[in-house]
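Q: Provided below: work04.cif, containing mmCIF, C-alpha atoms and all ligand atoms.
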```cif
data_run
#
loop_
_atom_site.label_atom_id
_atom_site.label_comp_id
_atom_site.auth_asym_id
_atom_site.auth_seq_id
_atom_site.Cartn_x
_atom_site.Cartn_y
_atom_site.Cartn_z
CA MET A 1 70.26 81.98 144.90
CA PRO A 2 69.16 79.41 142.32
CA LYS A 3 69.18 75.66 142.95
CA LEU A 4 72.76 74.60 143.09
CA ASP A 5 74.66 72.02 145.04
CA LYS A 6 77.10 73.02 147.71
CA ALA A 7 80.18 71.61 145.99
CA LEU A 8 79.51 73.50 142.74
CA ALA A 9 78.69 76.70 144.61
CA ARG A 10 82.01 76.54 146.42
CA GLU A 11 83.87 75.66 143.23
CA LEU A 12 82.44 78.67 141.40
CA TYR A 13 83.57 80.99 144.18
CA ARG A 14 87.06 79.47 144.19
CA LEU A 15 87.37 79.81 140.43
CA MET A 16 86.52 83.51 140.60
CA LEU A 17 88.96 83.97 143.47
CA ARG A 18 91.80 82.34 141.50
CA ILE A 19 91.10 84.64 138.53
CA ARG A 20 90.93 87.73 140.78
CA LEU A 21 94.14 86.99 142.65
CA ALA A 22 96.01 86.03 139.48
CA GLU A 23 95.07 89.34 137.87
CA GLU A 24 95.94 91.27 141.02
CA ARG A 25 99.36 89.63 140.81
CA VAL A 26 99.63 90.78 137.20
CA VAL A 27 98.94 94.33 138.43
CA ALA A 28 101.67 94.00 141.06
CA LEU A 29 104.16 92.61 138.53
CA TYR A 30 103.46 95.14 135.80
CA PRO A 31 105.91 97.84 136.95
CA THR A 32 108.78 95.33 136.62
CA ASP A 33 108.26 95.44 132.82
CA LYS A 34 108.56 91.68 132.66
CA ILE A 35 105.07 91.63 131.19
CA GLN A 36 105.60 93.38 127.89
CA SER A 37 102.12 93.22 126.40
CA PRO A 38 99.21 95.56 127.17
CA ILE A 39 96.86 94.13 129.80
CA HIS A 40 93.07 94.33 129.76
CA LEU A 41 91.96 93.11 133.16
CA SER A 42 88.73 91.28 133.83
CA ILE A 43 88.68 92.20 137.53
CA GLY A 44 85.03 92.74 138.48
CA GLN A 45 83.80 90.64 135.54
CA GLU A 46 84.88 87.19 136.78
CA ALA A 47 81.36 85.91 137.45
CA ILE A 48 80.45 85.79 133.75
CA VAL A 49 83.28 83.58 132.56
CA ALA A 50 83.23 81.43 135.70
CA GLY A 51 79.47 80.85 135.71
CA ALA A 52 79.26 80.27 131.97
CA CYS A 53 82.31 78.07 131.44
CA LYS A 54 81.37 75.78 134.31
CA ALA A 55 78.14 75.10 132.42
CA LEU A 56 79.99 74.04 129.25
CA GLY A 57 80.47 70.41 128.34
CA LYS A 58 83.84 68.89 127.44
CA ALA A 59 83.26 69.12 123.68
CA ASP A 60 81.93 72.69 123.79
CA ARG A 61 84.08 75.55 122.58
CA ALA A 62 84.70 79.16 123.53
CA TYR A 63 86.07 82.27 121.88
CA GLY A 64 86.95 85.52 123.59
CA THR A 65 88.53 88.93 123.40
CA TYR A 66 91.74 90.66 124.49
CA ARG A 67 90.15 90.73 128.00
CA GLY A 68 90.75 87.00 128.14
CA HIS A 69 92.71 86.03 131.27
CA GLY A 70 89.56 85.11 133.17
CA LEU A 71 88.12 83.15 130.25
CA PHE A 72 91.34 81.17 129.91
CA VAL A 73 91.38 80.17 133.59
CA ALA A 74 87.62 79.51 133.63
CA MET A 75 88.02 77.14 130.68
CA GLY A 76 90.56 75.21 132.75
CA GLY A 77 93.79 76.83 131.56
CA GLY A 78 96.60 76.81 134.11
CA ILE A 79 97.65 80.07 135.72
CA ASP A 80 101.25 78.95 135.09
CA LYS A 81 100.67 78.90 131.32
CA MET A 82 98.88 82.24 131.54
CA MET A 83 101.75 83.91 133.44
CA ALA A 84 104.34 82.39 131.10
CA GLU A 85 102.41 83.78 128.12
CA LEU A 86 102.34 87.23 129.68
CA TYR A 87 106.10 86.98 130.18
CA GLY A 88 106.49 86.01 126.51
CA LYS A 89 107.95 82.63 127.44
CA ASP A 90 108.05 79.42 125.41
CA THR A 91 105.95 77.62 128.04
CA GLY A 92 103.05 80.06 127.65
CA CYS A 93 99.73 79.00 126.21
CA ALA A 94 100.63 80.55 122.83
CA ARG A 95 104.36 79.78 123.28
CA GLY A 96 104.98 83.36 124.24
CA LYS A 97 104.00 84.71 120.87
CA GLY A 98 100.47 85.92 121.63
CA GLY A 99 100.77 87.79 124.91
CA SER A 100 97.94 88.87 127.17
CA MET A 101 95.45 89.58 124.37
CA HIS A 102 95.68 86.18 122.69
CA MET A 103 94.95 83.54 125.28
CA VAL A 104 94.34 80.20 123.61
CA ALA A 105 94.05 76.54 124.56
CA PRO A 106 92.33 74.54 121.80
CA GLU A 107 93.01 71.30 123.69
CA ILE A 108 90.46 72.41 126.30
CA GLY A 109 88.08 74.20 123.98
CA LEU A 110 89.37 77.77 124.14
CA MET A 111 89.80 78.27 120.42
CA GLY A 112 91.09 81.81 120.49
CA CYS A 113 90.94 85.38 121.70
CA SER A 114 91.51 88.43 119.57
CA ALA A 115 92.51 92.06 119.95
CA ILE A 116 90.22 93.05 117.09
CA VAL A 117 86.79 93.93 118.47
CA ALA A 118 84.07 91.42 117.41
CA SER A 119 86.47 89.48 115.21
CA THR A 120 85.84 86.15 116.93
CA ILE A 121 82.05 86.48 116.49
CA PRO A 122 81.99 85.30 112.84
CA VAL A 123 84.64 82.66 113.52
CA ALA A 124 82.60 81.23 116.41
CA THR A 125 79.49 81.32 114.22
CA GLY A 126 81.32 79.40 111.50
CA ASP A 127 82.49 76.91 114.10
CA ALA A 128 78.87 76.37 115.13
CA LEU A 129 77.94 75.87 111.48
CA ALA A 130 80.68 73.22 111.22
CA ALA A 131 79.31 71.48 114.33
CA LYS A 132 75.85 71.42 112.83
CA MET A 133 77.01 70.17 109.43
CA LYS A 134 79.11 67.43 111.01
CA ARG A 135 76.31 66.56 113.45
CA GLU A 136 78.66 67.08 116.39
CA LYS A 137 76.82 67.50 119.67
CA ARG A 138 78.55 70.63 120.88
CA LEU A 139 77.93 74.32 121.19
CA THR A 140 80.09 77.37 120.75
CA ALA A 141 80.07 80.29 123.20
CA VAL A 142 81.54 83.59 122.09
CA PHE A 143 82.28 86.25 124.70
CA PHE A 144 82.46 89.91 123.71
CA GLY A 145 81.85 93.37 125.14
CA ASP A 146 79.11 95.88 124.46
CA GLY A 147 81.45 97.42 121.87
CA GLY A 148 81.25 94.17 119.92
CA ILE A 149 77.58 94.85 119.26
CA ASP A 150 78.60 98.03 117.43
CA GLU A 151 80.39 96.08 114.70
CA GLY A 152 78.50 95.14 111.55
CA VAL A 153 79.85 91.62 111.65
CA PHE A 154 77.80 90.92 114.77
CA TYR A 155 74.55 91.44 112.82
CA GLU A 156 75.72 89.41 109.83
CA SER A 157 76.72 86.54 112.11
CA ALA A 158 73.60 86.72 114.26
CA SER A 159 71.29 86.78 111.25
CA PHE A 160 73.00 83.79 109.67
CA ALA A 161 73.04 81.86 112.96
CA ALA A 162 69.32 82.52 113.45
CA LEU A 163 68.52 81.47 109.89
CA LYS A 164 70.46 78.21 110.20
CA LYS A 165 69.55 77.62 113.87
CA LEU A 166 73.20 77.25 114.79
CA PRO A 167 74.33 76.01 118.22
CA VAL A 168 75.97 79.23 119.32
CA ILE A 169 75.58 81.40 122.41
CA TYR A 170 76.48 85.06 122.05
CA VAL A 171 77.68 86.14 125.48
CA LEU A 172 77.54 89.89 125.85
CA GLU A 173 79.62 91.13 128.77
CA ASN A 174 78.08 94.57 129.18
CA ASN A 175 80.39 96.59 131.43
CA GLY A 176 78.78 99.82 130.26
CA TYR A 177 81.79 101.15 128.36
CA ALA A 178 83.71 100.66 125.14
CA ILE A 179 86.97 102.24 126.30
CA HIS A 180 85.51 105.58 127.54
CA SER A 181 82.27 105.59 125.59
CA LYS A 182 78.99 104.75 127.33
CA VAL A 183 76.37 102.45 125.81
CA ARG A 184 73.81 105.28 125.81
CA GLU A 185 76.18 107.48 123.80
CA ARG A 186 76.33 104.81 121.09
CA HIS A 187 72.80 103.37 120.99
CA ALA A 188 69.36 104.96 120.78
CA LYS A 189 67.96 101.81 122.37
CA THR A 190 70.00 100.54 125.24
CA GLU A 191 68.25 97.22 125.85
CA LEU A 192 71.06 95.40 124.10
CA TRP A 193 69.64 91.96 124.84
CA ARG A 194 66.79 92.82 122.44
CA ILE A 195 69.06 93.92 119.63
CA GLY A 196 68.80 90.70 117.64
CA GLU A 197 65.02 90.33 117.85
CA ARG A 198 64.37 91.47 114.27
CA LEU A 199 66.99 89.03 113.06
CA GLY A 200 65.43 86.09 114.86
CA LEU A 201 68.02 86.03 117.62
CA PRO A 202 66.28 85.90 121.01
CA GLY A 203 67.97 87.58 123.94
CA ARG A 204 67.88 87.59 127.73
CA ARG A 205 69.51 89.83 130.32
CA PHE A 206 70.90 88.85 133.71
CA ASP A 207 73.03 90.11 136.58
CA GLY A 208 76.58 89.40 135.43
CA ASN A 209 78.00 89.93 138.91
CA ASP A 210 76.11 87.04 140.47
CA VAL A 211 77.98 83.90 139.48
CA TYR A 212 75.07 81.69 140.50
CA GLU A 213 72.61 83.59 138.34
CA VAL A 214 75.08 83.44 135.45
CA HIS A 215 75.57 79.72 135.87
CA GLU A 216 71.89 78.91 136.04
CA SER A 217 70.92 81.15 133.12
CA PHE A 218 73.75 79.93 130.95
CA ALA A 219 73.10 76.24 131.70
CA LYS A 220 69.44 76.69 130.76
CA ALA A 221 70.34 78.42 127.50
CA ALA A 222 72.98 75.79 126.71
CA ALA A 223 70.43 73.00 127.09
CA GLU A 224 68.05 74.80 124.71
CA VAL A 225 70.76 75.48 122.15
CA LYS A 226 71.91 71.86 122.28
CA ALA A 227 68.32 70.73 121.79
CA GLY A 228 68.41 72.49 118.40
CA LYS A 229 66.41 75.61 119.25
CA GLY A 230 68.96 77.88 117.60
CA PRO A 231 71.23 80.63 118.87
CA ILE A 232 70.65 82.97 121.78
CA LEU A 233 72.11 86.23 123.03
CA LEU A 234 72.77 86.39 126.77
CA GLU A 235 73.50 89.85 128.11
CA TYR A 236 75.23 90.00 131.47
CA ALA A 237 75.42 93.37 133.19
CA THR A 238 78.72 93.97 134.94
CA CYS A 239 81.32 96.59 135.89
CA ARG A 240 84.86 97.08 134.65
CA VAL A 241 86.87 97.95 137.75
CA TYR A 242 90.21 98.85 136.11
CA GLU A 243 91.00 101.24 133.29
CA HIS A 244 90.25 99.91 129.80
CA VAL A 245 93.86 98.84 129.35
CA GLY A 246 96.55 98.91 132.00
CA PRO A 247 97.13 98.23 135.68
CA ARG A 248 95.33 101.19 137.25
CA THR A 249 91.81 102.04 138.34
CA ASP A 250 90.50 105.27 136.84
CA PHE A 251 87.14 105.99 138.48
CA LYS A 252 88.17 109.64 138.95
CA GLU A 253 88.38 110.19 135.19
CA THR A 254 85.61 112.41 133.86
CA TYR A 255 84.17 109.82 131.49
CA HIS A 256 82.97 107.77 134.49
CA GLU A 257 79.58 108.17 136.14
CA LYS A 258 79.94 109.49 139.70
CA ASN A 259 78.56 106.32 141.27
CA ASP A 260 80.49 103.78 139.14
CA GLU A 261 83.06 103.06 141.83
CA ALA A 262 80.47 102.61 144.59
CA LYS A 263 78.35 100.43 142.32
CA ALA A 264 81.29 98.22 141.40
CA LYS A 265 82.23 97.85 145.06
CA ALA A 266 78.74 97.02 146.22
CA ARG A 267 78.26 94.47 143.44
CA ASP A 268 81.72 92.90 143.54
CA PRO A 269 81.13 89.33 142.32
CA LEU A 270 83.31 87.83 145.05
CA THR A 271 81.38 89.66 147.77
CA VAL A 272 78.04 88.71 146.20
CA ALA A 273 79.04 85.03 146.08
CA GLN A 274 80.58 85.08 149.55
CA LYS A 275 77.36 86.43 151.03
CA ALA A 276 75.31 83.81 149.19
CA LEU A 277 77.55 81.00 150.46
CA GLN A 278 77.47 82.27 154.02
CA LYS A 279 73.71 82.72 153.95
CA ARG A 280 73.33 79.07 153.05
CA GLY A 281 75.90 77.95 155.61
CA TRP A 282 77.95 76.50 152.76
CA ALA A 283 81.25 78.13 153.69
CA ALA A 284 82.84 79.35 156.91
CA PRO A 285 85.44 82.12 157.37
CA ALA A 286 88.13 79.44 157.63
CA ASP A 287 87.19 78.15 154.17
CA PHE A 288 87.60 81.57 152.57
CA ALA A 289 90.98 82.00 154.25
CA ALA A 290 92.15 78.54 153.15
CA TRP A 291 91.00 79.12 149.56
CA ARG A 292 92.87 82.41 149.44
CA LYS A 293 96.02 80.82 150.76
CA ALA A 294 95.85 77.97 148.24
CA ALA A 295 95.23 80.36 145.33
CA LEU A 296 98.15 82.58 146.35
CA ALA A 297 100.45 79.54 146.57
CA GLU A 298 99.32 78.46 143.09
CA ILE A 299 100.06 81.96 141.79
CA ASP A 300 103.51 82.04 143.45
CA ASP A 301 104.32 78.78 141.66
CA ALA A 302 102.96 80.13 138.38
CA VAL A 303 105.14 83.25 138.58
CA ALA A 304 108.21 81.17 139.47
CA PHE A 305 107.44 78.95 136.47
CA ALA A 306 107.16 81.97 134.16
CA GLU A 307 110.37 83.49 135.52
CA LYS A 308 112.45 80.37 135.01
CA SER A 309 110.99 79.38 131.63
CA PRO A 310 113.02 80.15 128.48
CA PHE A 311 112.01 82.58 125.76
CA PRO A 312 111.09 80.94 122.46
CA GLY A 313 114.08 80.61 120.11
CA PRO A 314 114.18 81.94 116.55
CA GLU A 315 113.33 78.45 115.28
CA ARG A 316 109.83 78.93 116.71
CA LEU A 317 109.14 82.05 114.67
CA LEU A 318 107.29 80.31 111.85
CA ALA A 319 106.22 77.23 113.83
CA ASP A 320 103.11 76.60 115.95
CA ASN A 321 100.35 77.17 113.48
CA PHE A 322 97.23 76.32 115.49
CA ALA A 323 95.12 75.70 112.38
C1 LIG B 401 87.71 96.51 114.97
C2 LIG B 401 88.30 97.32 116.09
N1 LIG B 401 87.94 98.59 116.24
C3 LIG B 401 88.46 99.32 117.27
C4 LIG B 401 89.37 98.76 118.14
C5 LIG B 401 89.89 99.58 119.28
N2 LIG B 401 89.28 99.08 120.52
C6 LIG B 401 89.92 98.22 121.33
S1 LIG B 401 88.99 97.79 122.63
C7 LIG B 401 87.71 98.75 122.15
C8 LIG B 401 86.47 98.86 122.98
C9 LIG B 401 85.70 97.62 123.03
O1 LIG B 401 84.79 97.68 124.08
P1 LIG B 401 83.89 96.48 124.47
O2 LIG B 401 83.61 95.65 123.26
O3 LIG B 401 82.72 96.99 125.20
O4 LIG B 401 84.78 95.56 125.39
P2 LIG B 401 85.49 95.87 126.78
O5 LIG B 401 86.84 96.45 126.42
O6 LIG B 401 84.63 96.81 127.54
O7 LIG B 401 85.64 94.55 127.42
C10 LIG B 401 88.02 99.41 120.96
C11 LIG B 401 87.11 100.34 120.27
C12 LIG B 401 89.73 97.41 117.92
N3 LIG B 401 90.60 96.78 118.74
N4 LIG B 401 89.16 96.70 116.92
#
```
As structure tokens, please, write out the structure in this file.

A:
Amino acid sequence: MPKLDKALARELYRLMLRIRLAEERVVALYPTDKIQSPIHLSIGQEAIVAGACKALGKADRAYGTYRGHGLFVAMGGGIDKMMAELYGKDTGCARGKGGSMHMVAPEIGLMGCSAIVASTIPVATGDALAAKMKREKRLTAVFFGDGGIDEGVFYESASFAALKKLPVIYVLENNGYAIHSKVRERHAKTELWRIGERLGLPGRRFDGNDVYEVHESFAKAAAEVKAGKGPILLEYATCRVYEHVGPRTDFKETYHEKNDEAKAKARDPLTVAQKALQKRGWAAPADFAAWRKAALAEIDDAVAFAEKSPFPGPERLLADNFA
């Protein structure tokens, strides 16, 4: 485990736990049909958003994808506003008009998430250009999956960012699949972290299921980017535990590798972090139990908030332009 202080190490674990339990509640609620939008769960991938976002400064910004619940909470968004958004309520983070795939909170730096693969990559790159032109001391982190690399706009953005030495971090959450299609079925060269080399975009690869490794690697890259060294691609290897979209696991489907389920279980980011904390003597069984209890109480409150909140009225239809 890298050098970390005890308080931060505990905080990172708790953040992942809150994301995990909130999404497990979403799974439990889904059959009620109160959540009307499709759900892309980040269960199993919490370490990337938690480790990275905790290394961002207040002025820094993030962009994400439809798999954005974890990113929203990691950026400091309330689980109450997340649940209300999933319920389509006026108190949701996008006033109930975005749903699960469009988590947003510009007031805390989460500028947007999009259902269109790779579509936030050029926007985040442009945001980094704006920061550079205005001499603002901030960076932009854009989170996307291995499918995002397959879109031409990634290369256009990366090339431009490298040319202009923009303060942007491309965060590749490599869970091995774009829906049902494996990385090796889509790329002759599967070392995705090296994909921008010819463009002048350096890359590094890390274990995306170890929140402490993510945090350390991201913090180091952020310091370099802020020092004006230009953009970087950080690839984090991880596992998607649920089906691409929806509330079920689907490890028995034929597109999966036989050992995917066992691998995901063995490398569960909460288990990895729990072991690391216990090894250091930084958390006792009573701590884990208390954290779980507190997170579940927070989630109960968030669901009650979503349930009792009103739907947006027709007057909101053309309002709330975030631009
Ligand atoms: C431009 C575009 N093409 C295709 C789709 C359909 N689509 C939705 S998710 C997805 C797979 C993306 O996989 P990846 O980027 O690896 O992210 P993950 O879902 O694994 O987090 C595809 C092809 C889309 N939403 N947008």

Q: Tell me, in Å to one decimal, how far atom CA of A:Phe218 is from atom CA of A:Ala283.

A: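 Taking atom CA of A:Phe218 as the start and atom CA of A:Ala283 as the end point, the length is 24.0 Å.
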
Q: I want to know what sits within 10 Å of stretch 188-197 of chain A, based on all atoms listed in the file, with residues of the same chain fewer than 2 positions away left out; could you give that as a list in words?

A: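 Once the nearby chain positions are removed, what remains is Asp146, Ile149, Phe154, Tyr155, Ala158, Ser159, Ala162, Val171, Leu172, Asn174, Val183, Arg184, Glu185, Arg186, Leu199, Gly200, Leu201, Pro202, Gly203, Arg204, Arg205, Phe206, Ile232, Leu233, Leu234, Glu235 and Tyr236 of chain A.
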
Q: From the set A:Val241, A:Ala297, A:Ala141, A:Ala304, which residue has the shortest atom-to-atom contact distance to ligand LIG 401 (chain B), counting all atoms listed in the file?

A: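 Under the stated criterion, the closest residue is A:Val241.
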
Q: To check your reading of the model: which residues sit at most 10 Å from ligand LIG 401 (chain B) when counting only C-alpha atoms and all ligand atoms? Write the answer as a PyMOL selection string.

A: chain A and resi 40-42+45+64-68+114-119+143-153+172-183+238-240+243-245

Q: In Å, with one decimal, what is the gap from atom CA of A:Lys134 to atom CA of A:Ile121?

A: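 Atom-to-atom, atom CA of A:Lys134 to atom CA of A:Ile121, that is 20.0 Å.
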
Q: Figure out the distance between atom CA of A:Ala50 and atom CA of A:Asp5, please, to one decimal in Å.

A: 15.8 Å

Q: Leaving out stretch 10-15 of chain A and any residue of its chain fewer than 5 positions from it, which residues lie within 12 Å of it when counting all atoms listed in the file, given as a PyMOL selection string?

A: chain A and resi 4-5+20-22+46-55+70-79+209-216+269-278+280-284+287-296

Q: Mind writing the picked residues with C-alpha atoms as a short mmCIF file (atom, residue, chain, number, x, y, z; two decimals), in the frame of the given file?

A:
```
data_model
loop_
_atom_site.label_atom_id
_atom_site.label_comp_id
_atom_site.auth_asym_id
_atom_site.auth_seq_id
_atom_site.Cartn_x
_atom_site.Cartn_y
_atom_site.Cartn_z
CA LEU A 4 72.76 74.60 143.09
CA ASP A 5 74.66 72.02 145.04
CA ARG A 20 90.93 87.73 140.78
CA LEU A 21 94.14 86.99 142.65
CA ALA A 22 96.01 86.03 139.48
CA GLU A 46 84.88 87.19 136.78
CA ALA A 47 81.36 85.91 137.45
CA ILE A 48 80.45 85.79 133.75
CA VAL A 49 83.28 83.58 132.56
CA ALA A 50 83.23 81.43 135.70
CA GLY A 51 79.47 80.85 135.71
CA ALA A 52 79.26 80.27 131.97
CA CYS A 53 82.31 78.07 131.44
CA LYS A 54 81.37 75.78 134.31
CA ALA A 55 78.14 75.10 132.42
CA GLY A 70 89.56 85.11 133.17
CA LEU A 71 88.12 83.15 130.25
CA PHE A 72 91.34 81.17 129.91
CA VAL A 73 91.38 80.17 133.59
CA ALA A 74 87.62 79.51 133.63
CA MET A 75 88.02 77.14 130.68
CA GLY A 76 90.56 75.21 132.75
CA GLY A 77 93.79 76.83 131.56
CA GLY A 78 96.60 76.81 134.11
CA ILE A 79 97.65 80.07 135.72
CA ASN A 209 78.00 89.93 138.91
CA ASP A 210 76.11 87.04 140.47
CA VAL A 211 77.98 83.90 139.48
CA TYR A 212 75.07 81.69 140.50
CA GLU A 213 72.61 83.59 138.34
CA VAL A 214 75.08 83.44 135.45
CA HIS A 215 75.57 79.72 135.87
CA GLU A 216 71.89 78.91 136.04
CA PRO A 269 81.13 89.33 142.32
CA LEU A 270 83.31 87.83 145.05
CA THR A 271 81.38 89.66 147.77
CA VAL A 272 78.04 88.71 146.20
CA ALA A 273 79.04 85.03 146.08
CA GLN A 274 80.58 85.08 149.55
CA LYS A 275 77.36 86.43 151.03
CA ALA A 276 75.31 83.81 149.19
CA LEU A 277 77.55 81.00 150.46
CA GLN A 278 77.47 82.27 154.02
CA ARG A 280 73.33 79.07 153.05
CA GLY A 281 75.90 77.95 155.61
CA TRP A 282 77.95 76.50 152.76
CA ALA A 283 81.25 78.13 153.69
CA ALA A 284 82.84 79.35 156.91
CA ASP A 287 87.19 78.15 154.17
CA PHE A 288 87.60 81.57 152.57
CA ALA A 289 90.98 82.00 154.25
CA ALA A 290 92.15 78.54 153.15
CA TRP A 291 91.00 79.12 149.56
CA ARG A 292 92.87 82.41 149.44
CA LYS A 293 96.02 80.82 150.76
CA ALA A 294 95.85 77.97 148.24
CA ALA A 295 95.23 80.36 145.33
CA LEU A 296 98.15 82.58 146.35
#
```

Q: Given all atoms listed in the file as the basis, pick out the residue of A:Ile19, A:Tyr87, A:Gly228, A:His256 nearest to A:Thr32.

A: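 Smallest separation from A:Thr32 among the options: A:Tyr87.
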
Q: Kindly compute an axis-aligned box around the listed atoms of stretch 82-86 of chain A, allowing 6 Å on each side, and express its centre and edge lengths in Å to one decimal as AutoDock Vina command-line options.

A:
```
--center_x 101.6 --center_y 84.7 --center_z 130.8 --size_x 17.5 --size_y 17.0 --size_z 17.3
```

Q: Could you give me, as number ranges by chain, the residues within 8 Å of A:Val168, counting all atoms listed in the file and dropping anything in the same chain fewer than 3 positions from it?

A: A: 124-125, 128, 139-142, 161, 225, 230-232

Q: Using all atoms listed in the file, can you tell me which of A:Gly126, A:Pro167, A:Gly246, A:Pro314 comes closest to A:Gln36?

A: A:Gly246

Q: For stretch 101-112 of chain A, find every residue with an atom within 6 Å (counting all atoms listed in the file), except residues of its own chain fewer than 5 positions away, and show them as a list of chain:residue names.

A: A:Arg61, A:Ala62, A:Tyr63, A:Tyr66

Q: Between A:Val303, A:Ala237, A:Ala223, A:Ile169, single out the one closest to A:Gly44, counting all atoms listed in the file.

A: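 Nearest to A:Gly44: A:Ala237.
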
Q: Just the residues within 8 Å of A:Ser37, please, counting only C-alpha atoms, with nothing from its chain fewer than 5 positions along; format it as a VMD selection string.

A: chain A and resid 86 99 to 101
